[in-house]
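**Q** Dropping the structure in here first, questions after.
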2 protein chains.
Amino acid sequence: MKDSNTAVQYFNLFDIDKATTTKEKILYTALDLFSKLGYHGVSIREITRNVGIKESSLYNHFRSKEEILECILHSFRREFATVLPPIDRLDEILAYSTIDSFLQKGIEVFKMHFEHQVYEKVWRIIYTEYFRHSLAKEIFLNDMISNMLSFLETVFTKAMATGKVKEGNPRVMAAEYQYPVFAMLAEYNVLKFNNEDTTQIQQTITDHIDYFLESIKR
Amino acid sequence: MKDSNTAVQYFNLFDIDKATTTKEKILYTALDLFSKLGYHGVSIREITRNVGIKESSLYNHFRSKEEILECILHSFRREFATVLPPIDRLDEILAYSTIDSFLQKGIEVFKMHFEHQVYEKVWRIIYTEYFRHSLAKEIFLNDMISNMLSFLETVFTKAMATGKVKEGNPRVMAAEYQYPVFAMLAEYNVLKFNNEDTTQIQQTITDHIDYFLESIKR
DNA sequence: GTCTATACGAGGATAGAC
DNA sequence: GTCTATCCTCGTATAGAC
């Protein structure tokens, strides 16, 4: 057993090719299996068999199965924090873009994120564990929903001030824009996971953005 | 073992007081535990311990743990089908209600449904298993999303024809109305499950409905 | 329909040799 | 840091007595 008074370590899960150490291999393998079968649906044996080590070796890197999940979610949370542009650069960004292109760009980033070979797996874990795992819940409620809404509220407030969108409640606007995206992306993810056709839901997302942009025009 | 060539039996899960037979007790206990800990997080031993029977007795009622889940989802699906009013009664209903009161009524029914002591547990199972269980996925994609959208599309088409809402694409309207509700209810459920404050999200739902109704006025 | 008894592999985790 | 060996509980499921 290693130092047991240290907090869970962070890992850059982004670049899958960097999975060279045993610890990283364990993380990627666990992530992959958890995302397919759920945390409780995966055993230590299964993880180590896939990594190519014995069960006992795993405990050189993690104190428990729970710690593996903890580490995955922790690392993810840290990287997810960089998805939104910093608030203090917002004026600058908004100055040279229309609200249309800004939101369009946002959706692209969001979609890329959800389609990323590593992130999409973490999202699946978050989606399926947020009732049972407090960190998954936190990420879902705070990092995703709450932060996203606050960010958009700021955006719409600023855009309103410069006359880029019509007057209204920026909080409601943020909700009207973002909540449908959450639900549509959830549907998109399920379909994609099951290798079913996603053209319709992708069109629905596009339709939503168009409809929304039209509705906030001055 | 019982007749093994029969399909999974239906149960009226709605009325919890009717849980008198052992089979029903097993169903309710399993439902409760599955909804809290997830399907894989619950063992046959735990179910039977809570019911007050031995493991072996359970196999007199169900062939496997999987069959219990199957039975729960099956029964739920059947009852969920009665939530929406039949299409052929729609003209009649719409004749004596405004679109406002119609949607308001719909939200009430929906909310009651999601807050029902039994249904809310099934929904939690569906939410957490739809990536891994095909029936859960079907209920989520077809019975909830797809049916709901088709229903609303019909409603808006009819309402448009009688001049109750402004012209537009009824499919897009249905999506704009319903998808936010899905996402907001998901958030509401998580908060409620964790005994956290739900006033804000409830207000968000109300705001959404108001905003939407305003936007489709003629 | 329920019980006791039992089977046996899967499950998380550890001790200690190398 | 990895291995072998081991621990003991959990997990699903069955046989057969009552």
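Order determines the names: the first chain of the structure tokens is A, the second B, and so forth; residues in each chain are numbered 1 upward, and ligands are numbered 1 upward as they are shown.
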Would you tabulate, counting only C-alpha atoms (C1' of nucleotides), all residues of chain B that have an atom at most 12 Å from an atom of chain C, showing the closest pair of atoms and their distance in Å to one decimal, sorted by chain then ascending number, as a tab-separated table?

**A**
```
residue	atom	partner	partner_atom	distance
B:Met1	CA	C:DG1	C1'	11.2
B:Lys2	CA	C:DG1	C1'	11.7
B:Thr21	CA	C:DG1	C1'	11.3
B:Thr22	CA	C:DG1	C1'	9.6
B:Lys23	CA	C:DG1	C1'	11.0
B:Gly52	CA	C:DT2	C1'	11.1
B:Ile53	CA	C:DT2	C1'	7.9
B:Lys54	CA	C:DC3	C1'	7.6
B:Glu55	CA	C:DC3	C1'	10.1
B:Ser56	CA	C:DC3	C1'	8.5
B:Ser57	CA	C:DT2	C1'	6.1
B:Leu58	CA	C:DT2	C1'	9.6
B:Tyr59	CA	C:DG1	C1'	10.4
B:Asn60	CA	C:DG1	C1'	7.4
B:His61	CA	C:DG1	C1'	9.5
```

**Q** Using only C-alpha atoms (C1' of nucleotides), find which residues of chain D lie within 9 Å of chain B and jot them down as a PDB file with N, CA and C atoms (P, O5', C5', C4', C3', O3' and C1' of nucleotides), in the first residue's frame.

**A**
```pdb
ATOM      1  P    DC D  10     -21.255 -11.159   3.180  1.00  0.00           P
ATOM      2  O5'  DC D  10     -21.369 -11.218   1.595  1.00  0.00           O
ATOM      3  C5'  DC D  10     -20.657 -10.262   0.817  1.00  0.00           C
ATOM      4  C4'  DC D  10     -20.927 -10.534  -0.642  1.00  0.00           C
ATOM      5  C3'  DC D  10     -22.417 -10.653  -0.981  1.00  0.00           C
ATOM      6  O3'  DC D  10     -22.596  -9.874  -2.144  1.00  0.00           O
ATOM      7  C1'  DC D  10     -21.260 -12.577  -1.726  1.00  0.00           C
ATOM      8  P    DG D  11     -23.957  -9.584  -2.776  1.00  0.00           P
ATOM      9  O5'  DG D  11     -24.048 -10.763  -3.829  1.00  0.00           O
ATOM     10  C5'  DG D  11     -23.216 -10.741  -4.985  1.00  0.00           C
ATOM     11  C4'  DG D  11     -23.618 -11.906  -5.868  1.00  0.00           C
ATOM     12  C3'  DG D  11     -25.125 -12.153  -5.846  1.00  0.00           C
ATOM     13  O3'  DG D  11     -25.695 -11.858  -7.116  1.00  0.00           O
ATOM     14  C1'  DG D  11     -23.890 -14.185  -5.540  1.00  0.00           C
ATOM     15  P    DT D  12     -27.245 -12.012  -7.318  1.00  0.00           P
ATOM     16  O5'  DT D  12     -27.394 -13.392  -8.060  1.00  0.00           O
ATOM     17  C5'  DT D  12     -26.592 -13.658  -9.209  1.00  0.00           C
ATOM     18  C4'  DT D  12     -26.724 -15.127  -9.564  1.00  0.00           C
ATOM     19  C3'  DT D  12     -28.175 -15.601  -9.714  1.00  0.00           C
ATOM     20  O3'  DT D  12     -28.302 -16.195 -10.996  1.00  0.00           O
ATOM     21  C1'  DT D  12     -26.957 -17.073  -8.302  1.00  0.00           C
ATOM     22  P    DA D  13     -29.723 -16.759 -11.459  1.00  0.00           P
ATOM     23  O5'  DA D  13     -29.705 -18.249 -10.909  1.00  0.00           O
ATOM     24  C5'  DA D  13     -28.635 -19.103 -11.308  1.00  0.00           C
ATOM     25  C4'  DA D  13     -28.720 -20.397 -10.525  1.00  0.00           C
ATOM     26  C3'  DA D  13     -30.121 -21.002 -10.497  1.00  0.00           C
ATOM     27  O3'  DA D  13     -30.125 -22.152 -11.331  1.00  0.00           O
ATOM     28  C1'  DA D  13     -28.979 -21.188  -8.396  1.00  0.00           C
ATOM     29  P    DT D  14     -31.495 -22.988 -11.500  1.00  0.00           P
ATOM     30  O5'  DT D  14     -31.237 -24.217 -10.514  1.00  0.00           O
ATOM     31  C5'  DT D  14     -30.024 -24.954 -10.646  1.00  0.00           C
ATOM     32  C4'  DT D  14     -29.975 -26.033  -9.595  1.00  0.00           C
ATOM     33  C3'  DT D  14     -31.230 -26.910  -9.516  1.00  0.00           C
ATOM     34  O3'  DT D  14     -30.817 -28.273  -9.612  1.00  0.00           O
ATOM     35  C1'  DT D  14     -30.618 -26.133  -7.358  1.00  0.00           C
TER      36       DT D  14
END
```

**Q** For chain B, which residues have at least one atom within 9 Å of chain A, if we go by only C-alpha atoms? Write them as an MDAnalysis selection string, please.

**A** chainID B and resid 35:41 124 127:132 137 140:141 145 172 175:184 186:187 190:191 193:194 204 207:208 211:212 215

**Q** Give me, please, the distance in Å between CA of Arg77 (chain B) and CA of Tyr188 (chain B), quoted to one decimal.

**A** 21.8 Å

**Q** Can you list, as a PyMOL selection string, all residues belonging to region 72-204 of chain B that DSSP tags as alpha helix (DSSP H)?

**A** chain B and resi 72-80+90-95+99-115+119-129+134-138+147-161+170-193+199-204

**Q** In Å, how far is it from CA of Leu149 (chain B) to CA of Gln203 (chain B)?

**A** 23.1 Å

**Q** Any idea what the distance is between CA of Asn12 (chain B) and CA of Asp32 (chain B)?

**A** 15.5 Å

**Q** Do you know which residues are at most 9 Å from Met148 (chain B) counting only C-alpha atoms (C1' of nucleotides), after dropping those on the same chain fewer than 6 positions away, and could you put them as a compact mmCIF listing (two decimals) with N, CA, C and O atoms, in the first residue's frame?

**A**
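Below is the file result10.txt, written as the result:
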```
# COMPACT_ATOMS: atom_id res chain seq x y z
N LEU B 84 -51.12 9.29 -21.43
CA LEU B 84 -51.59 10.24 -22.44
C LEU B 84 -53.04 9.94 -22.80
O LEU B 84 -53.42 8.77 -22.93
N ASN B 142 -38.79 5.31 -26.81
CA ASN B 142 -40.08 5.23 -27.51
C ASN B 142 -41.25 5.72 -26.68
O ASN B 142 -41.95 6.65 -27.06
N ALA B 174 -43.39 21.13 -30.64
CA ALA B 174 -43.44 20.02 -29.67
C ALA B 174 -42.08 19.82 -29.03
O ALA B 174 -41.97 19.66 -27.80
N GLN B 178 -41.24 20.18 -25.15
CA GLN B 178 -41.03 18.96 -24.37
C GLN B 178 -39.60 18.69 -23.93
O GLN B 178 -39.37 18.25 -22.80
```
